[in-house]
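Working notes, structure below.
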Amino acid sequence: MKILHTSDWHLGQHFMGKSRRDEHKALIDWLLALVDSESIDAVIIAGDMFDTGSPPSYAREMYHQLVLDMKARQCQLVIVAGNHDSVSMLNESKSLLSYLDTQVSSQANLEDLASHVIALKDKSGEVAAWVCAVPYLRPKDVMKSISGQSEQDKKLGLLQHIGVFYQQVYELACENNKSLKQPVPIIGTGHLTAMGGQVSESVRDLYVGTLEALPTSVFPKFDYLALGHIHRAQAITKDGHFRYSGSPIPLSFDELGREKSLVVIDTEAFAEQGPAMDLFDEKQEPIQLHTIPTFQPMQSLKGNLKDVLKQIDKLAIIDGTMLWLEVTVIADEYLSDVHKRLVEAIEGKSIELLRVMRKSAVDTKKAAFESRQTLSELTVKEVFEKSLQGNADIDEEESVILTNLFNHCLIEMEDSQEKQV
């Protein structure tokens with residue numbers, strides 16, 4: 001069967017005063033067309049379906065219409081809650097939606113772990129995959145606080161409880177597999193920050209309790225782990241089976257420059273991953289990335305005022321569309337007419353100026369001061385991050401890999417020090 005993984009839709013978001021309603025409508029239309037053309041059997045949305053706990057009515061209408069559209073296509077839908085989603089709001093229609101082949105996991109339930117194991121069935125009605133539907137985990141959902149604990153003890157305790165929760169749900173899925181004639185793939189979900197993931201401006205700091213990021217060792221050996229929360233599409237394991245789908249539309253200007261995508265997993269291809277018997281045998285890849293088209297033109301320009309004005313003149317505007325523009329003006333002196341001159345430059349063009357920022361000499365001095373900091377003033381992690389930032393030869397993909405390796409080394413070093421104590 002084919003399973004589509006996406007996340008972080010943020011229905012109802014207002015972007016600097018602008019509604020994303022039309023973009024989300026275009027996204028859903030495109031997605032439904034993909035479900036039809038690729039014969040998708042199930043869709044997993046890994047958290048942050050909505051932007052706020054009280055989304056506008058049109059966002060709720062889109063949500064419920066999506067469920068009906070998926071049901072009409074006999075495509076199952078699995079939705080797990082993210083940190084932006086309201087548990088109570090998702091629970092309002094949870095029971096009703098289950099009759100429409102939509103399963104919602106809004107909160108960790110230690111008393112009913114079986115509710116987190118969802119069977120995905122193929123067109124013939126046979127179980128073709130299990131989904132360990134784990135939503136955003138709040139500390140109170142998986143552990144009880146103990147008075148007098150140190151920060152480090154809380155961190156280690158929470159990490160252990162999260163690992164145990166994932167393992168228990170995974171073991172239930174493995175047990176379910178024993179009842180089948182042939183075991184099927186087990187797909188995990190998560191809405192959190194995993195080590196190695198690179199965030200963007202629109203991603204709010206997310207700490208699961210006191211944990212800044214979880215090591216991949218916390219997760220069981222899922223055949224695939226569908227992650228949400230980080231808006232940049234990226235894999236966090238070498239084989240690409242643990243990955244963030246990323247948000248389907250740019251939720252901040254710094255998300256521009258990278259294609260938005262979603263993931264389609266072919267469960268049948270997992271069984272074909274062994275060594276090829278025939279050199280000319282072309283095995284099907286179990287994971288395919290599908291590029292999402294741009295539904296709203298956006299552009300971010302940076303430079304001194306003269307350069308920015310030239311860049312505006314060269315902007316390519318698509319007929320019938322309005323370009324959303326962000327400008328960062330770098331100037332040593334204070335320019336009182338920056339906004340006025342920018343407004344004059346876009347007059348008569350299909351451009352809407354959403355944000356103007358200035359980078360002054362003060363920022364430059366601050367950056368110079370930070371570069372003179374001694375090693376004693378920085379943590380090990382800060383030294384590593386500054387080294388990465390200062391090396392122009394390392395691209396983003398290599399940076400993710402290096403960060404992941406560094407974090408693993410750091411954990412091993414800390415564990416070794418604790419054992420010596």
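FYI, nothing fancy with the structure tokens labels: chains A, B, ... in order, residues from 1 per chain, ligands from 1 as they appear.
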Could you pull the residues within 12 Å of His84 in chain A, counting only C-alpha atoms, minus those fewer than 6 positions along the same chain, as a tab-separated table (two decimals) with C-alpha atoms, in the first residue's frame?
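To be explicit, this is the file written out as out-v1.tsv:
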```tsv
chain	number	residue	atom	x	y	z
A	7	SER	CA	2.68	17.64	8.68
A	8	ASP	CA	2.48	21.20	10.00
A	9	TRP	CA	-0.37	22.52	7.88
A	10	HIS	CA	-1.23	25.24	10.41
A	11	LEU	CA	-4.75	25.76	9.08
A	12	GLY	CA	-6.05	29.19	10.07
A	13	GLN	CA	-2.63	30.85	10.17
A	46	ALA	CA	2.08	14.36	11.90
A	47	GLY	CA	0.87	17.24	14.03
A	48	ASP	CA	-0.02	20.95	13.92
A	49	MET	CA	-3.11	20.50	11.79
A	50	PHE	CA	-4.15	23.93	13.09
A	51	ASP	CA	-2.16	27.04	13.89
A	52	THR	CA	-3.90	27.76	17.19
A	53	GLY	CA	-6.07	25.97	19.73
A	54	SER	CA	-9.05	28.08	18.61
A	55	PRO	CA	-8.85	28.13	14.81
A	90	LEU	CA	-9.62	17.61	18.31
A	106	SER	CA	-4.91	13.83	20.42
A	135	PRO	CA	1.06	12.68	19.28
A	136	TYR	CA	2.96	15.57	20.84
A	191	HIS	CA	5.76	15.67	16.89
A	192	LEU	CA	8.96	16.87	18.52
A	203	VAL	CA	9.16	27.02	14.43
A	204	ARG	CA	8.56	27.97	18.03
A	205	ASP	CA	11.03	26.56	20.54
A	206	LEU	CA	9.60	23.20	21.51
A	228	GLY	CA	6.34	16.69	12.43
A	229	HIS	CA	7.19	20.08	14.05
```
Which residues come within 12 Å of Lys121 in chain A, counting only C-alpha atoms, excluding same-chain residues fewer than 5 positions away, as a list of chain:residue names?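 Contacts, with the query itself left out: A:Met1, A:Lys2, A:Ile3, A:Ile40, A:Asp41, A:Ala42, A:Gln74, A:Cys75, A:Gln76, A:Leu77, A:Asp101, A:Glu126, A:Val127, A:Ala128, A:Ala129, A:Trp130, A:Val131, A:Val184, A:Pro185, A:Thr267.
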Write a file of the just-selected residues containing N, CA and C atoms, as a PDB file, in the first residue's frame.
```
ATOM      1  N   MET A   1       0.840  -1.199   0.000  1.00  0.00           N
ATOM      2  CA  MET A   1       0.000   0.000   0.000  1.00  0.00           C
ATOM      3  C   MET A   1       0.879   1.254   0.000  1.00  0.00           C
ATOM      4  N   LYS A   2       0.275   2.360  -0.377  1.00  0.00           N
ATOM      5  CA  LYS A   2       0.994   3.637  -0.394  1.00  0.00           C
ATOM      6  C   LYS A   2       0.461   4.553   0.706  1.00  0.00           C
ATOM      7  N   ILE A   3       1.403   5.082   1.490  1.00  0.00           N
ATOM      8  CA  ILE A   3       1.059   5.971   2.607  1.00  0.00           C
ATOM      9  C   ILE A   3       1.715   7.325   2.394  1.00  0.00           C
ATOM     10  N   ILE A  40      -3.059   6.604  -3.515  1.00  0.00           N
ATOM     11  CA  ILE A  40      -2.662   6.630  -2.113  1.00  0.00           C
ATOM     12  C   ILE A  40      -3.741   5.946  -1.270  1.00  0.00           C
ATOM     13  N   ASP A  41      -3.323   5.056  -0.368  1.00  0.00           N
ATOM     14  CA  ASP A  41      -4.269   4.322   0.475  1.00  0.00           C
ATOM     15  C   ASP A  41      -4.497   4.986   1.830  1.00  0.00           C
ATOM     16  N   ALA A  42      -3.508   5.745   2.312  1.00  0.00           N
ATOM     17  CA  ALA A  42      -3.629   6.369   3.626  1.00  0.00           C
ATOM     18  C   ALA A  42      -2.775   7.633   3.687  1.00  0.00           C
ATOM     19  N   GLN A  74     -11.871   6.536  -0.450  1.00  0.00           N
ATOM     20  CA  GLN A  74     -11.502   5.329   0.314  1.00  0.00           C
ATOM     21  C   GLN A  74     -10.047   5.392   0.772  1.00  0.00           C
ATOM     22  N   CYS A  75      -9.645   6.596   1.152  1.00  0.00           N
ATOM     23  CA  CYS A  75      -8.287   6.829   1.641  1.00  0.00           C
ATOM     24  C   CYS A  75      -8.349   7.091   3.143  1.00  0.00           C
ATOM     25  N   GLN A  76      -7.674   6.257   3.927  1.00  0.00           N
ATOM     26  CA  GLN A  76      -7.697   6.416   5.380  1.00  0.00           C
ATOM     27  C   GLN A  76      -6.870   7.632   5.794  1.00  0.00           C
ATOM     28  N   LEU A  77      -7.271   8.240   6.897  1.00  0.00           N
ATOM     29  CA  LEU A  77      -6.601   9.446   7.376  1.00  0.00           C
ATOM     30  C   LEU A  77      -6.230   9.262   8.840  1.00  0.00           C
ATOM     31  N   ASP A 101     -13.393   6.725   8.619  1.00  0.00           N
ATOM     32  CA  ASP A 101     -12.034   6.212   8.383  1.00  0.00           C
ATOM     33  C   ASP A 101     -10.945   7.233   8.687  1.00  0.00           C
ATOM     34  N   GLU A 126      -7.353  -6.090   3.770  1.00  0.00           N
ATOM     35  CA  GLU A 126      -6.339  -6.752   4.589  1.00  0.00           C
ATOM     36  C   GLU A 126      -5.416  -5.723   5.248  1.00  0.00           C
ATOM     37  N   VAL A 127      -4.970  -6.028   6.470  1.00  0.00           N
ATOM     38  CA  VAL A 127      -4.030  -5.132   7.167  1.00  0.00           C
ATOM     39  C   VAL A 127      -2.710  -5.110   6.398  1.00  0.00           C
ATOM     40  N   ALA A 128      -2.283  -3.901   5.989  1.00  0.00           N
ATOM     41  CA  ALA A 128      -1.053  -3.764   5.204  1.00  0.00           C
ATOM     42  C   ALA A 128       0.028  -3.005   5.970  1.00  0.00           C
ATOM     43  N   ALA A 129      -0.350  -2.378   7.091  1.00  0.00           N
ATOM     44  CA  ALA A 129       0.633  -1.653   7.921  1.00  0.00           C
ATOM     45  C   ALA A 129      -0.012  -1.309   9.258  1.00  0.00           C
ATOM     46  N   TRP A 130       0.839  -1.167  10.255  1.00  0.00           N
ATOM     47  CA  TRP A 130       0.389  -0.670  11.569  1.00  0.00           C
ATOM     48  C   TRP A 130       0.979   0.719  11.770  1.00  0.00           C
ATOM     49  N   VAL A 131       0.181   1.618  12.315  1.00  0.00           N
ATOM     50  CA  VAL A 131       0.681   2.954  12.656  1.00  0.00           C
ATOM     51  C   VAL A 131       0.692   3.105  14.167  1.00  0.00           C
ATOM     52  N   VAL A 184       3.589  -7.125   8.712  1.00  0.00           N
ATOM     53  CA  VAL A 184       3.530  -5.940   7.848  1.00  0.00           C
ATOM     54  C   VAL A 184       4.363  -4.828   8.466  1.00  0.00           C
ATOM     55  N   PRO A 185       4.747  -3.811   7.689  1.00  0.00           N
ATOM     56  CA  PRO A 185       5.571  -2.708   8.221  1.00  0.00           C
ATOM     57  C   PRO A 185       4.888  -1.976   9.379  1.00  0.00           C
ATOM     58  N   THR A 267       4.801   0.498   1.098  1.00  0.00           N
ATOM     59  CA  THR A 267       5.121  -0.563   2.060  1.00  0.00           C
ATOM     60  C   THR A 267       5.598  -1.846   1.375  1.00  0.00           C
TER      61      THR A 267
END
```
Within 10 Å of Ala194 in chain A, counting only C-alpha atoms, which residues show up once you throw out same-chain ones fewer than 6 positions away? Write them as a short mmCIF file (atom, residue, chain, number, x, y, z; two decimals) with N, CA and C atoms, in the first residue's frame, please.
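As written to disk, out32.cif reads:
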```cif
data_model
loop_
_atom_site.label_atom_id
_atom_site.label_comp_id
_atom_site.auth_asym_id
_atom_site.auth_seq_id
_atom_site.Cartn_x
_atom_site.Cartn_y
_atom_site.Cartn_z
N GLU A 212 15.55 19.48 25.06
CA GLU A 212 15.60 20.35 23.89
C GLU A 212 15.46 19.54 22.61
N ALA A 213 16.10 18.38 22.56
CA ALA A 213 16.01 17.52 21.38
C ALA A 213 16.23 16.07 21.81
N LEU A 214 15.51 15.17 21.15
CA LEU A 214 15.59 13.76 21.49
C LEU A 214 16.57 13.03 20.58
N PRO A 215 17.40 12.16 21.11
CA PRO A 215 18.29 11.35 20.26
C PRO A 215 17.46 10.29 19.53
N THR A 216 17.89 9.89 18.35
CA THR A 216 17.13 8.90 17.58
C THR A 216 17.12 7.54 18.28
N VAL A 218 16.07 6.92 21.08
CA VAL A 218 14.85 6.80 21.88
C VAL A 218 13.79 6.00 21.15
N LEU A 227 7.70 12.20 11.16
CA LEU A 227 7.88 13.25 12.15
C LEU A 227 7.27 14.57 11.70
N GLY A 228 6.84 15.35 12.67
CA GLY A 228 6.34 16.69 12.43
C GLY A 228 6.95 17.65 13.43
N HIS A 229 6.77 18.93 13.23
CA HIS A 229 7.19 20.08 14.05
C HIS A 229 8.24 20.93 13.34
N ILE A 230 9.27 20.32 12.77
CA ILE A 230 10.26 21.10 12.03
C ILE A 230 9.76 21.30 10.61
N ILE A 236 16.55 12.36 9.31
CA ILE A 236 17.44 12.43 10.48
C ILE A 236 18.19 11.11 10.67
N PHE A 242 13.65 7.73 8.94
CA PHE A 242 13.15 8.60 9.99
C PHE A 242 13.27 10.01 9.42
N ARG A 243 12.14 10.67 9.19
CA ARG A 243 12.26 11.98 8.55
C ARG A 243 11.11 12.92 8.87
N TYR A 244 11.42 14.21 8.71
CA TYR A 244 10.42 15.28 8.77
C TYR A 244 9.94 15.53 7.35
N ASN A 404 24.19 15.86 13.81
CA ASN A 404 23.67 14.61 14.38
C ASN A 404 24.79 13.80 15.03
#
```
As a VMD selection string, list the residues of range 15-112 of chain A assigned to strand (DSSP E or B) by DSSP on the backbone atoms of this structure. chain A and resid 15 18 to 19 42 to 46 50 76 to 80 102 to 105
Which residues are close to range 290-300 of chain A, i.e. within 9 Å by only C-alpha atoms, leaving aside same-chain residues fewer than 3 positions away? Reply as a VMD selection string. chain A and resid 20 22 to 24 26 to 27 30 to 31 248 to 250 253 to 254 256 259 to 264 315 317 to 318 321 to 328
For Glu268 in chain A, the nearest of the candidates A:Glu175, A:Asp337, A:Asp141, A:Glu285, counting only C-alpha atoms: A:Glu285
Alpha helix (DSSP H) residues, from DSSP on the backbone, in range 307-359 of chain A, as number ranges by chain: A: 307-314, 338-346
Quick one: of A:Val78, A:Ala114, A:Val142, A:Leu402, who's nearest to Ala226 in chain A, counting only C-alpha atoms?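 Going through A:Val78, A:Ala114, A:Val142, A:Leu402 one by one, the smallest distance to Ala226 in chain A is for A:Val78.
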Write out as a PyMOL selection string the residues lying within 8 Å of Val104 in chain A, counting only C-alpha atoms and excluding same-chain residues fewer than 5 positions away. chain A and resi 78-81+90-91+94+97-98
Can you write out the residues you just picked, keeping C-alpha atoms, as a CSV table (one decimal), in the first residue's frame?
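Generated output (part-v1.csv):
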```csv
chain,number,residue,atom,x,y,z
A,78,VAL,CA,-4.5,9.4,10.6
A,79,ILE,CA,-4.1,12.7,12.4
A,80,VAL,CA,-1.8,13.2,15.4
A,81,ALA,CA,-1.9,16.3,17.6
A,90,LEU,CA,-9.6,17.6,18.3
A,91,ASN,CA,-11.6,15.4,20.7
A,94,LYS,CA,-12.8,12.4,17.2
A,97,LEU,CA,-14.6,11.0,12.4
A,98,SER,CA,-13.6,7.4,13.3
```
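For the pair CA of Glu111 in chain A and CA of Asn83 in chain A, the separation is 21.6 Å.
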Report, in Å to a single decimal, how far apart CA of Val329 in chain A and CA of Val308 in chain A are.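 Between CA of Val308 in chain A and CA of Val329 in chain A the gap works out to 7.3 Å.
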